[in-house]
Structure formats: C-alpha cells, structure tokens
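Pasted below: start_2.cif, mmCIF, C-alpha atoms and all ligand atoms.
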data_start
#
loop_
_atom_site.label_atom_id
_atom_site.label_comp_id
_atom_site.auth_asym_id
_atom_site.auth_seq_id
_atom_site.Cartn_x
_atom_site.Cartn_y
_atom_site.Cartn_z
CA MET A 264 -15.54 24.13 5.66
CA LYS A 265 -14.68 23.98 1.94
CA ASN A 266 -13.02 20.60 2.33
CA ILE A 267 -16.12 18.71 3.32
CA LEU A 268 -16.94 16.53 0.35
CA PRO A 269 -20.60 15.82 -0.40
CA THR A 270 -21.95 12.40 0.56
CA PRO A 271 -25.34 10.77 -0.06
CA LEU A 272 -25.90 10.20 3.69
CA GLN A 273 -27.96 12.52 5.82
CA TYR A 274 -29.95 12.19 9.04
CA LYS A 275 -33.52 13.42 8.76
CA LYS A 276 -34.85 13.77 12.28
CA ASN A 277 -33.18 10.68 13.72
CA SER A 278 -33.31 8.43 10.67
CA LEU A 279 -30.45 7.95 8.27
CA THR A 280 -31.26 8.61 4.62
CA PHE A 281 -29.33 7.85 1.43
CA ASP A 282 -30.03 10.20 -1.47
CA GLY A 283 -33.06 11.34 0.51
CA ILE A 284 -34.56 7.85 0.88
CA ALA A 285 -34.86 6.28 4.33
CA LEU A 286 -32.26 3.57 4.73
CA ASP A 287 -34.76 1.23 6.42
CA LYS A 288 -36.88 1.44 3.30
CA ILE A 289 -33.99 0.55 0.98
CA ALA A 290 -32.84 -2.29 3.25
CA LYS A 291 -36.30 -3.90 3.27
CA LYS A 292 -35.77 -4.93 -0.35
CA HIS A 293 -32.24 -6.35 0.01
CA SER A 294 -30.52 -8.73 2.34
CA THR A 295 -27.56 -7.38 4.27
CA PRO A 296 -24.68 -6.89 3.92
CA PHE A 297 -24.88 -4.96 0.65
CA TYR A 298 -23.07 -2.08 -0.99
CA LEU A 299 -25.17 0.93 -1.84
CA TYR A 300 -24.02 3.43 -4.46
CA SER A 301 -25.34 6.85 -5.39
CA LYS A 302 -25.35 7.69 -9.07
CA LYS A 303 -26.02 11.32 -8.24
CA THR A 304 -22.88 11.52 -6.12
CA LEU A 305 -20.75 9.74 -8.73
CA ASP A 306 -22.02 12.19 -11.32
CA LEU A 307 -21.13 15.14 -9.10
CA TYR A 308 -17.56 13.96 -8.44
CA TYR A 309 -16.77 13.18 -12.07
CA LYS A 310 -18.14 16.51 -13.27
CA THR A 311 -16.37 18.43 -10.50
CA PHE A 312 -13.08 16.72 -11.36
CA PHE A 313 -13.35 17.30 -15.09
CA LYS A 314 -14.59 20.86 -14.72
CA ALA A 315 -11.70 21.69 -12.40
CA ALA A 316 -9.25 20.45 -15.05
CA VAL A 317 -10.84 22.75 -17.62
CA THR A 318 -11.01 25.69 -15.21
CA HIS A 319 -7.32 25.37 -14.43
CA GLU A 320 -6.39 25.25 -18.12
CA ILE A 321 -5.19 21.69 -18.33
CA PRO A 322 -4.67 20.99 -22.08
CA SER A 323 -7.32 18.55 -23.46
CA PRO A 324 -7.69 16.57 -20.22
CA LEU A 325 -8.52 12.88 -20.40
CA VAL A 326 -9.84 11.19 -17.27
CA CYS A 327 -8.91 7.50 -17.23
CA TYR A 328 -10.86 6.25 -14.22
CA ALA A 329 -8.86 3.65 -12.23
CA VAL A 330 -11.19 0.67 -12.54
CA LYS A 331 -9.69 -1.21 -9.60
CA ALA A 332 -11.30 1.26 -7.19
CA ASN A 333 -14.79 0.07 -8.17
CA SER A 334 -15.45 -2.08 -11.23
CA ASN A 335 -19.24 -2.27 -10.94
CA SER A 336 -20.72 -2.42 -14.46
CA GLU A 337 -23.25 0.33 -13.83
CA VAL A 338 -20.57 2.57 -12.37
CA LEU A 339 -18.41 2.00 -15.45
CA GLY A 340 -21.39 2.48 -17.76
CA HIS A 341 -22.26 5.78 -16.14
CA LEU A 342 -18.66 7.03 -16.23
CA ASN A 343 -18.53 6.09 -19.90
CA LYS A 344 -21.62 8.21 -20.53
CA LEU A 345 -19.89 11.10 -18.80
CA GLY A 346 -16.93 10.77 -21.17
CA SER A 347 -14.49 8.95 -18.93
CA GLY A 348 -11.81 6.57 -20.11
CA ALA A 349 -10.24 3.85 -17.98
CA ASP A 350 -6.99 2.88 -16.31
CA VAL A 351 -6.93 -0.92 -16.11
CA VAL A 352 -4.48 -3.32 -14.48
CA SER A 353 -5.69 -6.69 -15.79
CA ILE A 354 -7.44 -8.29 -18.76
CA GLY A 355 -10.50 -8.72 -16.53
CA GLU A 356 -10.72 -4.98 -15.93
CA LEU A 357 -10.01 -4.26 -19.59
CA LYS A 358 -12.87 -6.53 -20.71
CA LYS A 359 -15.23 -4.92 -18.20
CA ALA A 360 -14.27 -1.43 -19.38
CA LEU A 361 -14.83 -2.39 -23.03
CA LYS A 362 -18.16 -4.02 -22.18
CA ALA A 363 -19.25 -0.80 -20.49
CA GLY A 364 -18.66 0.90 -23.83
CA ILE A 365 -15.42 2.72 -23.02
CA ASP A 366 -13.48 3.60 -26.18
CA PRO A 367 -10.20 1.60 -26.38
CA GLN A 368 -8.53 4.86 -27.36
CA LYS A 369 -9.35 6.12 -23.86
CA ILE A 370 -7.87 3.10 -22.07
CA VAL A 371 -4.43 2.92 -20.48
CA PHE A 372 -3.07 -0.37 -19.14
CA SER A 373 -0.88 -0.17 -16.01
CA GLY A 374 0.69 -2.86 -13.83
CA VAL A 375 4.02 -4.63 -13.42
CA ALA A 376 2.86 -8.12 -14.41
CA LYS A 377 1.08 -7.79 -17.75
CA THR A 378 1.23 -11.27 -19.30
CA ALA A 379 1.69 -12.15 -22.98
CA SER A 380 -2.00 -13.04 -23.36
CA GLU A 381 -3.08 -9.78 -21.71
CA ILE A 382 -0.81 -7.77 -24.00
CA LEU A 383 -2.07 -9.64 -27.07
CA PHE A 384 -5.70 -9.01 -26.13
CA ALA A 385 -5.11 -5.30 -25.46
CA LEU A 386 -3.22 -4.94 -28.73
CA LYS A 387 -6.00 -6.54 -30.75
CA CYS A 388 -9.09 -5.19 -28.96
CA SER A 389 -9.54 -2.53 -31.66
CA LYS A 390 -7.89 -1.39 -34.87
CA ARG A 391 -5.33 0.67 -33.00
CA GLY A 392 -5.42 -1.41 -29.82
CA ILE A 393 -5.58 0.51 -26.55
CA TYR A 394 -4.48 4.12 -26.05
CA SER A 395 -1.37 3.15 -24.13
CA PHE A 396 0.50 0.36 -22.42
CA ASN A 397 1.98 2.10 -19.39
CA VAL A 398 5.20 0.11 -19.33
CA GLU A 399 6.77 -0.68 -15.95
CA SER A 400 9.97 -2.56 -16.97
CA ILE A 401 12.36 -3.01 -19.90
CA GLU A 402 11.44 -6.70 -20.01
CA GLU A 403 7.80 -5.74 -20.53
CA LEU A 404 8.71 -3.33 -23.33
CA GLU A 405 10.66 -6.08 -25.10
CA LEU A 406 7.73 -8.48 -24.80
CA ILE A 407 5.25 -5.90 -26.13
CA ASN A 408 7.53 -5.24 -29.10
CA GLN A 409 7.85 -8.99 -29.83
CA ILE A 410 4.09 -9.55 -29.67
CA ALA A 411 3.38 -6.51 -31.85
CA LEU A 412 5.94 -7.74 -34.39
CA LYS A 413 4.22 -11.12 -34.60
CA GLU A 414 0.85 -9.41 -35.04
CA LYS A 415 2.24 -6.88 -37.53
CA ARG A 416 0.95 -4.03 -35.41
CA ILE A 417 2.41 -1.02 -33.69
CA ALA A 418 1.85 -0.90 -29.93
CA ARG A 419 1.36 2.49 -28.32
CA VAL A 420 3.45 2.65 -25.15
CA ALA A 421 4.24 5.10 -22.37
CA PHE A 422 6.90 4.71 -19.72
CA ARG A 423 5.78 4.83 -16.12
CA LEU A 424 8.50 6.86 -14.47
CA ASN A 425 9.46 6.06 -10.90
CA PRO A 426 10.07 9.67 -9.81
CA GLN A 427 11.74 8.63 -6.54
CA VAL A 428 9.54 10.68 -4.28
CA ASN A 429 8.06 9.69 -0.95
CA ALA A 430 4.32 10.18 -0.91
CA LYS A 431 3.01 10.66 2.61
CA THR A 432 0.43 7.93 2.90
CA HIS A 433 0.13 4.45 4.40
CA LYS A 434 3.21 2.38 3.49
CA HIS A 435 1.09 -0.22 1.70
CA ILE A 436 -0.25 2.35 -0.79
CA SER A 437 2.86 4.42 -1.51
CA THR A 438 4.29 3.56 -4.94
CA GLY A 439 6.69 6.26 -6.11
CA ASN A 440 10.00 5.36 -4.50
CA LYS A 441 12.80 3.23 -5.94
CA THR A 442 12.29 0.56 -3.30
CA HIS A 443 8.77 0.03 -4.68
CA LYS A 444 8.15 -2.39 -7.53
CA PHE A 445 6.43 0.23 -9.72
CA GLY A 446 7.74 2.22 -12.65
CA LEU A 447 11.16 2.72 -14.22
CA LEU A 448 14.04 4.88 -13.13
CA LYS A 449 14.84 7.81 -15.40
CA SER A 450 18.29 6.42 -16.31
CA ASP A 451 16.74 3.11 -17.41
CA ILE A 452 14.18 4.92 -19.57
CA ILE A 453 16.89 6.95 -21.29
CA GLU A 454 18.93 3.79 -21.91
CA ALA A 455 15.93 1.94 -23.34
CA LEU A 456 15.17 4.78 -25.73
CA ALA A 457 18.60 4.26 -27.30
CA VAL A 458 18.05 0.57 -28.10
CA PRO A 459 16.55 0.41 -31.64
CA SER A 460 15.47 -3.24 -31.33
CA PHE A 461 12.92 -2.30 -28.62
CA TRP A 462 11.18 0.10 -30.98
CA THR A 463 10.58 -1.76 -34.24
CA HIS A 464 6.86 -2.31 -33.40
CA THR A 465 6.27 0.08 -30.54
CA THR A 466 5.92 3.84 -30.48
CA LEU A 467 6.43 6.05 -27.44
CA VAL A 468 3.31 8.18 -27.04
CA GLY A 469 3.58 9.32 -23.44
CA LEU A 470 5.10 9.30 -19.99
CA SER A 471 3.25 8.54 -16.78
CA ILE A 472 3.59 8.67 -13.00
CA HIS A 473 1.47 7.42 -10.12
CA ILE A 474 3.05 7.90 -6.71
CA GLY A 475 0.48 6.47 -4.34
CA SER A 476 -3.05 6.50 -3.06
CA GLN A 477 -5.03 8.45 -0.46
CA LEU A 478 -2.66 11.42 -0.89
CA THR A 479 -3.57 14.43 1.21
CA ASP A 480 -0.32 16.37 0.96
CA LEU A 481 0.50 17.55 -2.57
CA LYS A 482 4.22 18.28 -2.11
CA ALA A 483 5.25 14.86 -3.44
CA THR A 484 2.86 15.31 -6.37
CA VAL A 485 4.59 18.56 -7.37
CA SER A 486 8.05 16.94 -7.08
CA ALA A 487 6.89 14.02 -9.20
CA ILE A 488 5.48 16.35 -11.90
CA LYS A 489 8.80 18.17 -11.91
CA GLU A 490 10.63 14.87 -12.53
CA LEU A 491 8.13 13.89 -15.21
CA SER A 492 8.51 17.26 -16.94
CA THR A 493 12.31 17.19 -16.85
CA LEU A 494 12.34 13.77 -18.46
CA ALA A 495 9.75 14.79 -21.07
CA LEU A 496 11.77 17.87 -22.01
CA GLY A 497 14.96 15.83 -22.15
CA ILE A 498 13.83 13.31 -24.75
CA ASP A 499 13.25 14.70 -28.22
CA ILE A 500 10.17 12.65 -29.07
CA PRO A 501 6.90 14.55 -29.55
CA LEU A 502 4.74 12.94 -26.87
CA GLU A 503 0.96 12.80 -27.23
CA PHE A 504 0.33 12.85 -23.50
CA LEU A 505 1.67 13.22 -19.99
CA ASP A 506 -0.15 11.05 -17.46
CA VAL A 507 -0.09 12.42 -13.91
CA GLY A 508 -1.71 9.34 -12.33
CA GLY A 509 -4.32 9.28 -9.59
CA GLY A 510 -4.11 9.21 -5.85
CA LEU A 511 -6.12 12.17 -4.58
CA GLY A 512 -7.53 11.21 -1.19
CA ILE A 513 -10.90 11.57 0.48
CA ASP A 514 -11.72 12.42 4.11
CA TYR A 515 -12.28 9.24 6.08
CA THR A 516 -11.55 10.96 9.41
CA GLN A 517 -11.94 14.36 11.07
CA ALA A 518 -8.17 14.83 10.94
CA GLU A 519 -8.13 14.22 7.18
CA ARG A 520 -11.07 16.55 6.78
CA ALA A 521 -8.92 19.38 8.10
CA LYS A 522 -5.86 18.86 5.90
CA LEU A 523 -7.25 17.28 2.73
CA ALA A 524 -6.70 19.04 -0.60
CA SER A 525 -9.95 19.70 -2.43
CA ILE A 526 -10.37 18.69 -6.07
CA ASP A 527 -9.96 22.34 -6.99
CA THR A 528 -6.73 22.74 -5.00
CA TYR A 529 -5.38 19.50 -6.46
CA MET A 530 -6.11 20.61 -10.01
CA LYS A 531 -4.69 24.07 -9.43
CA THR A 532 -1.51 22.55 -7.98
CA VAL A 533 -1.11 20.08 -10.85
CA SER A 534 -1.74 22.77 -13.44
CA GLU A 535 0.71 25.23 -11.88
CA ALA A 536 3.39 22.53 -11.66
CA LEU A 537 2.87 21.51 -15.29
CA HIS A 538 3.02 25.09 -16.50
CA LYS A 539 6.05 25.91 -14.39
CA TYR A 540 8.11 22.83 -15.20
CA TYR A 541 6.88 21.91 -18.66
CA TYR A 542 4.61 24.14 -20.74
CA SER A 543 6.59 27.31 -20.08
CA LYS A 544 9.66 25.62 -21.57
CA THR A 545 8.32 24.22 -24.83
CA GLU A 546 5.97 24.96 -27.71
CA HIS A 547 4.71 21.45 -27.56
CA THR A 548 1.35 20.75 -25.82
CA PRO A 549 0.72 17.08 -25.07
CA ARG A 550 -2.64 16.37 -23.47
CA ILE A 551 -2.86 15.53 -19.77
CA VAL A 552 -4.18 12.18 -18.61
CA PHE A 553 -5.51 11.67 -15.08
CA GLU A 554 -6.08 8.29 -13.40
CA PRO A 555 -8.36 9.10 -10.45
CA GLY A 556 -9.95 6.20 -8.60
CA ARG A 557 -10.89 6.82 -5.00
CA ILE A 558 -11.81 10.51 -5.40
CA LEU A 559 -14.49 9.66 -7.99
CA VAL A 560 -16.14 6.71 -6.24
CA GLY A 561 -15.11 6.69 -2.57
CA LYS A 562 -17.82 8.99 -1.29
CA MET A 563 -20.68 7.64 -3.40
CA GLY A 564 -20.80 4.24 -1.66
CA VAL A 565 -21.57 2.73 1.73
CA LEU A 566 -21.73 -0.79 3.11
CA VAL A 567 -25.06 -1.55 4.78
CA SER A 568 -25.02 -4.20 7.49
CA SER A 569 -27.28 -5.59 10.23
CA VAL A 570 -26.44 -6.21 13.83
CA VAL A 571 -26.31 -9.95 14.56
CA ARG A 572 -25.99 -9.62 18.34
CA THR A 573 -24.01 -7.84 21.01
CA LYS A 574 -21.68 -9.36 23.56
CA THR A 575 -19.73 -8.24 26.58
CA SER A 576 -16.47 -9.67 27.81
CA ASP A 577 -15.50 -8.19 31.18
CA ASN A 578 -15.59 -4.46 30.41
CA CYS A 579 -15.39 -4.81 26.60
CA HIS A 580 -18.57 -4.38 24.63
CA PHE A 581 -18.87 -5.78 21.10
CA THR A 582 -21.44 -4.96 18.45
CA ILE A 583 -21.30 -7.93 16.09
CA ILE A 584 -22.50 -7.17 12.57
CA ASP A 585 -23.08 -9.33 9.49
CA ALA A 586 -20.45 -7.54 7.33
CA GLY A 587 -16.88 -8.70 7.69
CA MET A 588 -13.36 -8.07 6.50
CA ASN A 589 -14.12 -10.24 3.48
CA ASP A 590 -16.65 -7.56 2.42
CA LEU A 591 -14.46 -4.56 3.25
CA ILE A 592 -10.82 -5.29 3.99
CA ARG A 593 -9.46 -1.74 4.30
CA PRO A 594 -9.50 -1.57 8.12
CA ALA A 595 -7.69 -4.93 8.41
CA LEU A 596 -5.27 -4.27 5.55
CA TYR A 597 -4.40 -0.59 5.92
CA GLU A 598 -5.58 0.19 9.45
CA ALA A 599 -8.08 2.39 7.64
CA HIS A 600 -10.78 4.29 9.49
CA HIS A 601 -14.41 4.11 8.37
CA ASP A 602 -17.19 5.86 10.25
CA VAL A 603 -19.93 3.49 11.37
CA LEU A 604 -23.34 5.12 11.59
CA PRO A 605 -26.55 3.75 13.10
CA ALA A 606 -29.68 3.86 10.95
CA THR A 607 -31.48 5.37 13.91
CA LYS A 608 -29.78 8.01 15.99
CA SER A 609 -30.12 8.04 19.73
CA ALA A 610 -28.91 10.46 22.38
CA LYS A 611 -27.83 7.62 24.64
CA LEU A 612 -24.47 6.23 23.53
CA ILE A 613 -22.22 3.42 24.68
CA ILE A 614 -18.58 2.62 23.93
CA THR A 615 -18.33 -0.44 21.70
CA ASP A 616 -16.12 -2.33 19.24
CA ILE A 617 -17.80 -3.06 15.92
CA VAL A 618 -16.71 -6.48 14.74
CA GLY A 619 -17.65 -8.87 11.94
CA PRO A 620 -18.23 -12.63 11.70
CA ILE A 621 -14.80 -13.65 10.33
CA CYS A 622 -12.51 -15.77 12.48
CA GLU A 623 -9.73 -13.19 12.65
CA THR A 624 -9.07 -10.62 15.35
CA SER A 625 -8.40 -8.05 12.63
CA ASP A 626 -12.04 -8.43 11.49
CA CYS A 627 -12.93 -5.22 13.25
CA PHE A 628 -14.46 -2.04 11.79
CA GLY A 629 -13.70 0.14 14.77
CA THR A 630 -12.70 0.05 18.41
CA LYS A 631 -14.04 2.21 21.21
CA ARG A 632 -16.67 3.84 19.04
CA LYS A 633 -19.62 5.76 20.42
CA LEU A 634 -22.81 4.15 19.19
CA PRO A 635 -26.32 3.61 20.52
CA SER A 636 -26.89 0.28 22.20
CA LEU A 637 -28.09 -1.68 19.16
CA LYS A 638 -30.27 -4.76 19.01
CA ALA A 639 -30.20 -7.70 16.61
CA GLY A 640 -31.59 -6.74 13.22
CA GLU A 641 -30.89 -3.03 13.53
CA LEU A 642 -29.00 -1.47 10.63
CA VAL A 643 -25.61 0.20 10.59
CA VAL A 644 -23.84 1.87 7.69
CA ILE A 645 -20.11 1.79 7.09
CA ASP A 646 -19.38 5.08 5.39
CA ASN A 647 -17.02 5.96 2.50
CA ALA A 648 -16.93 2.43 1.13
CA GLY A 649 -17.35 3.16 -2.59
CA ALA A 650 -13.64 2.72 -3.37
CA TYR A 651 -11.60 -0.44 -2.72
CA GLY A 652 -14.58 -2.06 -1.02
CA HIS A 653 -16.42 -4.50 -3.24
CA THR A 654 -13.44 -4.88 -5.63
CA MET A 655 -11.33 -6.26 -2.77
CA ALA A 656 -14.04 -8.57 -1.41
CA SER A 657 -13.31 -12.27 -1.04
CA HIS A 658 -15.02 -15.54 -0.18
CA TYR A 659 -12.97 -16.00 2.98
CA ASN A 660 -14.79 -18.18 5.50
CA GLU A 661 -16.87 -19.42 2.52
CA ARG A 662 -18.96 -16.26 2.58
CA LYS A 663 -20.92 -14.79 -0.31
CA ILE A 664 -19.75 -11.63 -2.05
CA ALA A 665 -22.06 -8.77 -1.03
CA ASN A 666 -24.49 -7.44 -3.64
CA GLU A 667 -24.16 -3.95 -5.06
CA ILE A 668 -27.16 -1.65 -5.40
CA PHE A 669 -26.76 1.38 -7.67
CA LEU A 670 -29.42 3.94 -6.80
C1 LIG A 701 -4.61 2.45 -8.16
C2 LIG A 701 -4.10 3.27 -9.25
C3 LIG A 701 -4.68 4.51 -9.53
C4 LIG A 701 -5.82 5.10 -8.72
O1 LIG A 701 -5.46 5.43 -7.43
P1 LIG A 701 -6.49 6.24 -6.50
O2 LIG A 701 -5.74 6.44 -5.25
O3 LIG A 701 -7.69 5.38 -6.31
O4 LIG A 701 -6.82 7.51 -7.19
C5 LIG A 701 -4.20 5.23 -10.60
N1 LIG A 701 -3.17 4.77 -11.36
C6 LIG A 701 -2.59 3.58 -11.11
C7 LIG A 701 -1.48 3.13 -11.98
C8 LIG A 701 -3.02 2.80 -10.05
O5 LIG A 701 -2.42 1.63 -9.80
#
Will you turn the file into structure tokens for me?
Amino acid sequence: MKNILPTPLQYKKNSLTFDGIALDKIAKKHSTPFYLYSKKTLDLYYKTFFKAAVTHEIPSPLVCYAVKANSNSEVLGHLNKLGSGADVVSIGELKKALKAGIDPQKIVFSGVAKTASEILFALKCSKRGIYSFNVESIEELELINQIALKEKRIARVAFRLNPQVNAKTHKHISTGNKTHKFGLLKSDIIEALAVPSFWTHTTLVGLSIHIGSQLTDLKATVSAIKELSTLALGIDIPLEFLDVGGGLGIDYTQAERAKLASIDTYMKTVSEALHKYYYSKTEHTPRIVFEPGRILVGKMGVLVSSVVRTKTSDNCHFTIIDAGMNDLIRPALYEAHHDVLPATKSAKLIITDIVGPICETSDCFGTKRKLPSLKAGELVVIDNAGAYGHTMASHYNERKIANEIFL
C-alpha cells in the first residue's frame, strides 16, 4: 500500500470532503466549474520530495518546480516560501515566477523556441540574469551569445542533452528520443564546445535532461542519467550542476497505483545512478537540479463541476456536467484517465458516460463509469487535476476560464 499518494479528498459518511471540509459547503460560495487546490497537500509533496533528496544524499539539491504544470500565483508563492526555484518555458512563466518572489538564481529556462526578446529579458532580470538557459539547439546558443555580447553580459547556459532513450509513457509526453524536437545529441554538444565564437559571452554551467512526463518505470531514467554522467565526465569543464529533469508520475488509475514508483524510490534510484555513473568517478561535486511538475501539484487539485442534466440515447446513458475539455483537456489530448467522484455517495449505481458541454465528441471525462444516478445541480469532482489542468484551459466555445480556489 506504500504507493498510495495522499490526496485531500475523503468521504465522511457519504459526503465528499476536501481537506476535511464538506464539498457542498465549499461549492456554495463559488460557481462551478472551479479548480480547488489544497495548500496542505502541496506542502506535503514539496517537503516529501526535498526531504527524500536529502535522505538519499543528493549533493545540495535544488528543486526547480516546472511552472507549466500549474502556474497559479498562490501555488508559486507557497513553493517560493518552501525554498523552491522554477523551471520556466516562456517569458510569461518567468515573469510569474519572479512576481511570486522566486530568486532568479533558482530559475532555469527550458524550451526549444526561446525568442530574442525572451532571452534578453531573462538575461537582464537580475544582476546575473537567471541561473541557467537550458539550451536546446546550437542556433539558440549562438543567439544567446550574440545577445549577451550586445548587453556586455555573460549568459549562464546548460546543454539539454537528448539521451536517446525511450521513456515508457504516452507518445505525446515522451521527449527523450532523437525523433523528438527536444535537446541536443551528444555529438553536437561536443562539437559546439569546440567552437570558440559560441563562448565569448556565455559560460557552460551545467548539463540537463528531461525524458518525458508521467513516468512510472524508472529504467529509462537510469539510462538517461548514465548518458548525462558520461558526457559530464567527458568534457573537462567544472560544471556547477547536473539537472535530471522532472517527469515522475502520479497514480491516476488503479493499474498505475500498483506499479508507480514512490518519491522515495525515485530519489533512491536517481541517487544510486548518479553515484554509480558520476560521483564515484570524479572528485568534483556539482549540485543536482530537479524539475518536478506533476508530482508536486497533481494530487493537490480537483475540478469541481455540477451536473447540468442527464440524457439517454437508446441504451447509452450520459451524465452531462458543466466542466468541459476546455477546462481540463487531458482526457481528450492524452486519453488520460481521471476518476470522477460524486459529492454524495450512494449504494445504487448506474453505468454512465460523463460528458461536458463542448461540441466535440472527445469532450468526455469517462465512459462506462459507475456513478449514482445524478440530478441537475448535484456536484461531481474530477480527481487529480492539479497538474496540467488550469494551465491548459482555453476559451474554446467562448467559455470562461474556470476560477481557482486555493484552500
Ligand atoms: C514539463 C517539463 C517538466 C516537468 O514535467 P513533469 O512531468 O510535470 O514532472 C520538467 N522539465 C521540463 C524541461 C519540462 O518541459
């Protein structure tokens, strides 16, 4: 049972509660659909993650929370208080992280399409700029060097290595193979290091990897750390950090619950790989950077929705709710599973499809689910929606973006 990750949801008698408060009571004050986040749960996940890094003797760990998972200001503010840095992929995320108080020297900037204005802003956002531009192409490195030259600054850069491993996850969220647009091949990194004109106003401070998201099997992670270590040992530049990326998954389904690596197992695996392939072979001790997203925020959030009506079509039964794929796109985009829970439990269940209001067949949160027969106005909760929920919301069908409540 060790793999069951804590969540804020719990039935008390037959009523669903969130952080111990009846959901009906919370929903009275807000119009549905809305996202509901638990600060207590966020706190627990961050502390568990950081503590595990310390326990497993990771050298001066730095957690750079992947802002794209959930960029809510209060979430970022709280993570800042806990000591977290940020992994950003746009100027918008960078500005939000800075506004939340995150130290620029704890911010890494990833992404294949950093523009000149984004690079300029990141370079000038503090005396030393950001902690690292995680560079994903030679062209980007050249541009950073040019901009830094013009500004008479030195840009801190790290190469994102494409370790050519196949992470076992949905094909849309696997990023570590050479057919993917992310990162640089080892041979290209070694070539770039030998071109002096790339390095007049840049300094190599680290190497990074990120092989995919919702990882449950850590074999690819170990292979990627091996590749990262081999490269780091092969270049004779004293690096300040090695960045092992993010990607640790959460349990959305029963099947995942059984095979998912816990935070402790993940950290133990990462630490053992780093010691085996890197630290045992050198005197040098760069710090380790982590870029967790989903594992820190996935479990702390739910999407609360009301039933609009039900409908039957021959022998199909539909429960139509007021949340749609524009609020939470993961089921439509990744065929992702989210549990849907009624606010009030009942022993009598029917088989139903839970669908939203959007004019798309893929606007469906679950087919053939067992739920009570619900009436208009009754509440349902879509579980595990703290990560890649609100940040991926859109105005499709001219709908409003759902509010976020941080309890
Ligand atoms: C998305 C992303 C992450 C976070 O991934 P999770 O699966 O949410 O942990 C980390 N690093 C980079 C570069 C990313 O693009």
May I have the residues within 10 Å of ligand LIG 701 (chain A), computed using all atoms listed in the file, as a VMD selection string? chain A and resid 327 to 333 349 to 352 371 to 375 397 399 423 436 to 438 445 to 446 471 to 478 506 to 513 553 to 561 650 to 651
Separation of CA of Glu667 (chain A) from CA of Leu268 (chain A) in Å: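 CA of Leu268 (chain A) sits 22.4 Å away from CA of Glu667 (chain A).
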Counting all atoms listed in the file, closest pick from A:Phe581, A:Thr295, A:Ser389, A:Leu404 relative to Ala376 (chain A) is A:Leu404
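Proximity ranking of A:Arg520, A:Tyr298, A:Thr493, A:Leu342 relative to Leu591 (chain A) places A:Tyr298 first, based on only C-alpha atoms.
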Worksheet item: Looking at all atoms listed in the file, which of A:Asn589, A:Ser347, A:Thr479, A:Asn440 is the one that sits closest to Leu325 (chain A)?
Response: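 Comparing A:Asn589, A:Ser347, A:Thr479, A:Asn440 against Leu325 (chain A), the winner is A:Ser347.
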| Between A:Ile354, A:Cys622, A:Ile417, A:Val570, which one has atoms that come closest to Glu661 (chain A), using all atoms listed in the file? |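 Residue with the minimum atom-to-atom distance to Glu661 (chain A): A:Cys622.
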Residues within 7 Å of (-14.7, -9.4, 2.9), file coords, only C-alpha atoms, listed as a list in words
Gly587, Met588, Asn589, Asp590, Leu591, Ile592, Ala656, Ser657, His658 and Tyr659 of chain A
Handout entry: Residue nearest Val571 (chain A) - candidates A:Ala648, A:Leu424, A:Ala518, A:Val643, atoms counted: all atoms listed in the file
Key =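 For Val571 (chain A), the nearest of the given residues is A:Val643.
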Closest of A:His319, A:Lys608, A:His464, A:Lys276 to Tyr529 (chain A), counting all atoms listed in the file, is A:His319
(Q) Would you compute the distance between CA of Gln273 (chain A) and CA of Lys292 (chain A)? Give it in Å to one decimal. (A)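 Going from CA of Gln273 (chain A) over to CA of Lys292 (chain A), I get 20.1 Å.
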In Å and to one decimal, CA of Gln368 (chain A) is distant from CA of Gly348 (chain A) by 8.1 Å
Residues near Pro549 (chain A), anyone? I mean within 7 Å using all atoms listed in the file, not counting same-chain ones fewer than 3 positions away, as a CSV table (one decimal) with C-alpha atoms, in the frame of the given file.
chain,number,residue,atom,x,y,z
A,502,LEU,CA,4.7,12.9,-26.9
A,503,GLU,CA,1.0,12.8,-27.2
A,504,PHE,CA,0.3,12.8,-23.5
A,505,LEU,CA,1.7,13.2,-20.0
Can you tell me which residues surround Cys579 (chain A) at a distance of at most 10 Å, considering only C-alpha atoms, apart from same-chain residues fewer than 4 positions away, and format the answer as a PDB file with C-alpha atoms, in the frame of the given file?
ATOM      1  CA  LYS A 574     -21.680  -9.360  23.560  1.00  0.00           C
ATOM      2  CA  THR A 575     -19.730  -8.240  26.580  1.00  0.00           C
ATOM      3  CA  ILE A 614     -18.580   2.620  23.930  1.00  0.00           C
ATOM      4  CA  THR A 615     -18.330  -0.440  21.700  1.00  0.00           C
ATOM      5  CA  ASP A 616     -16.120  -2.330  19.240  1.00  0.00           C
ATOM      6  CA  THR A 630     -12.700   0.050  18.410  1.00  0.00           C
ATOM      7  CA  LYS A 631     -14.040   2.210  21.210  1.00  0.00           C
TER       8      LYS A 631
END
Note to self: Could you check which residues have any atom within 10 Å of (-13.6, -3.4, -19.2), counting all atoms listed in the file with coordinates taken straight from the file, and then list them as a ChimeraX atom specification?
What the structure shows: /A:330,334,336,339-340,349-351,353-367,370
(Q) as a ChimeraX atom specification, please: the residues near region 617-621 of chain A (cut-off 7 Å, all atoms listed in the file, same-chain neighbours under 5 positions excluded). (A) /A:581-588,626-630,660
Any chance you could export the current selection's C-alpha atoms as a PDB file, keeping the file's coordinate frame?
ATOM      1  CA  PHE A 581     -18.870  -5.780  21.100  1.00  0.00           C
ATOM      2  CA  THR A 582     -21.440  -4.960  18.450  1.00  0.00           C
ATOM      3  CA  ILE A 583     -21.300  -7.930  16.090  1.00  0.00           C
ATOM      4  CA  ILE A 584     -22.500  -7.170  12.570  1.00  0.00           C
ATOM      5  CA  ASP A 585     -23.080  -9.330   9.490  1.00  0.00           C
ATOM      6  CA  ALA A 586     -20.450  -7.540   7.330  1.00  0.00           C
ATOM      7  CA  GLY A 587     -16.880  -8.700   7.690  1.00  0.00           C
ATOM      8  CA  MET A 588     -13.360  -8.070   6.500  1.00  0.00           C
ATOM      9  CA  ASP A 626     -12.040  -8.430  11.490  1.00  0.00           C
ATOM     10  CA  CYS A 627     -12.930  -5.220  13.250  1.00  0.00           C
ATOM     11  CA  PHE A 628     -14.460  -2.040  11.790  1.00  0.00           C
ATOM     12  CA  GLY A 629     -13.700   0.140  14.770  1.00  0.00           C
ATOM     13  CA  THR A 630     -12.700   0.050  18.410  1.00  0.00           C
ATOM     14  CA  ASN A 660     -14.790 -18.180   5.500  1.00  0.00           C
TER      15      ASN A 660
END
Please tabulate, as a tab-separated table, the residues of region 497-588 of chain A that come within 8 Å of region 480-487 of chain A, each with its closest pair of atoms and the distance in Å to one decimal, counting all atoms listed in the file and ordering rows by chain, then residue number upward.
residue	atom	partner	partner_atom	distance
A:Lys522	CA	A:Asp480	CA	7.8
A:Leu523	CA	A:Asp480	CA	7.2
A:Ala524	CA	A:Asp480	CA	7.1
A:Tyr529	CA	A:Leu481	CA	7.3
A:Thr532	CA	A:Val485	CA	7.3
A:Val533	CA	A:Val485	CA	6.8
A:Ala536	CA	A:Val485	CA	6.0
Please provide the set of residues having any atom within 6 Å of Gly439 (chain A), restricted to all atoms listed in the file, with same-chain residues fewer than 6 positions apart removed, written as a list in words.
Asn425, Gln427, Val428 and Ile474 of chain A
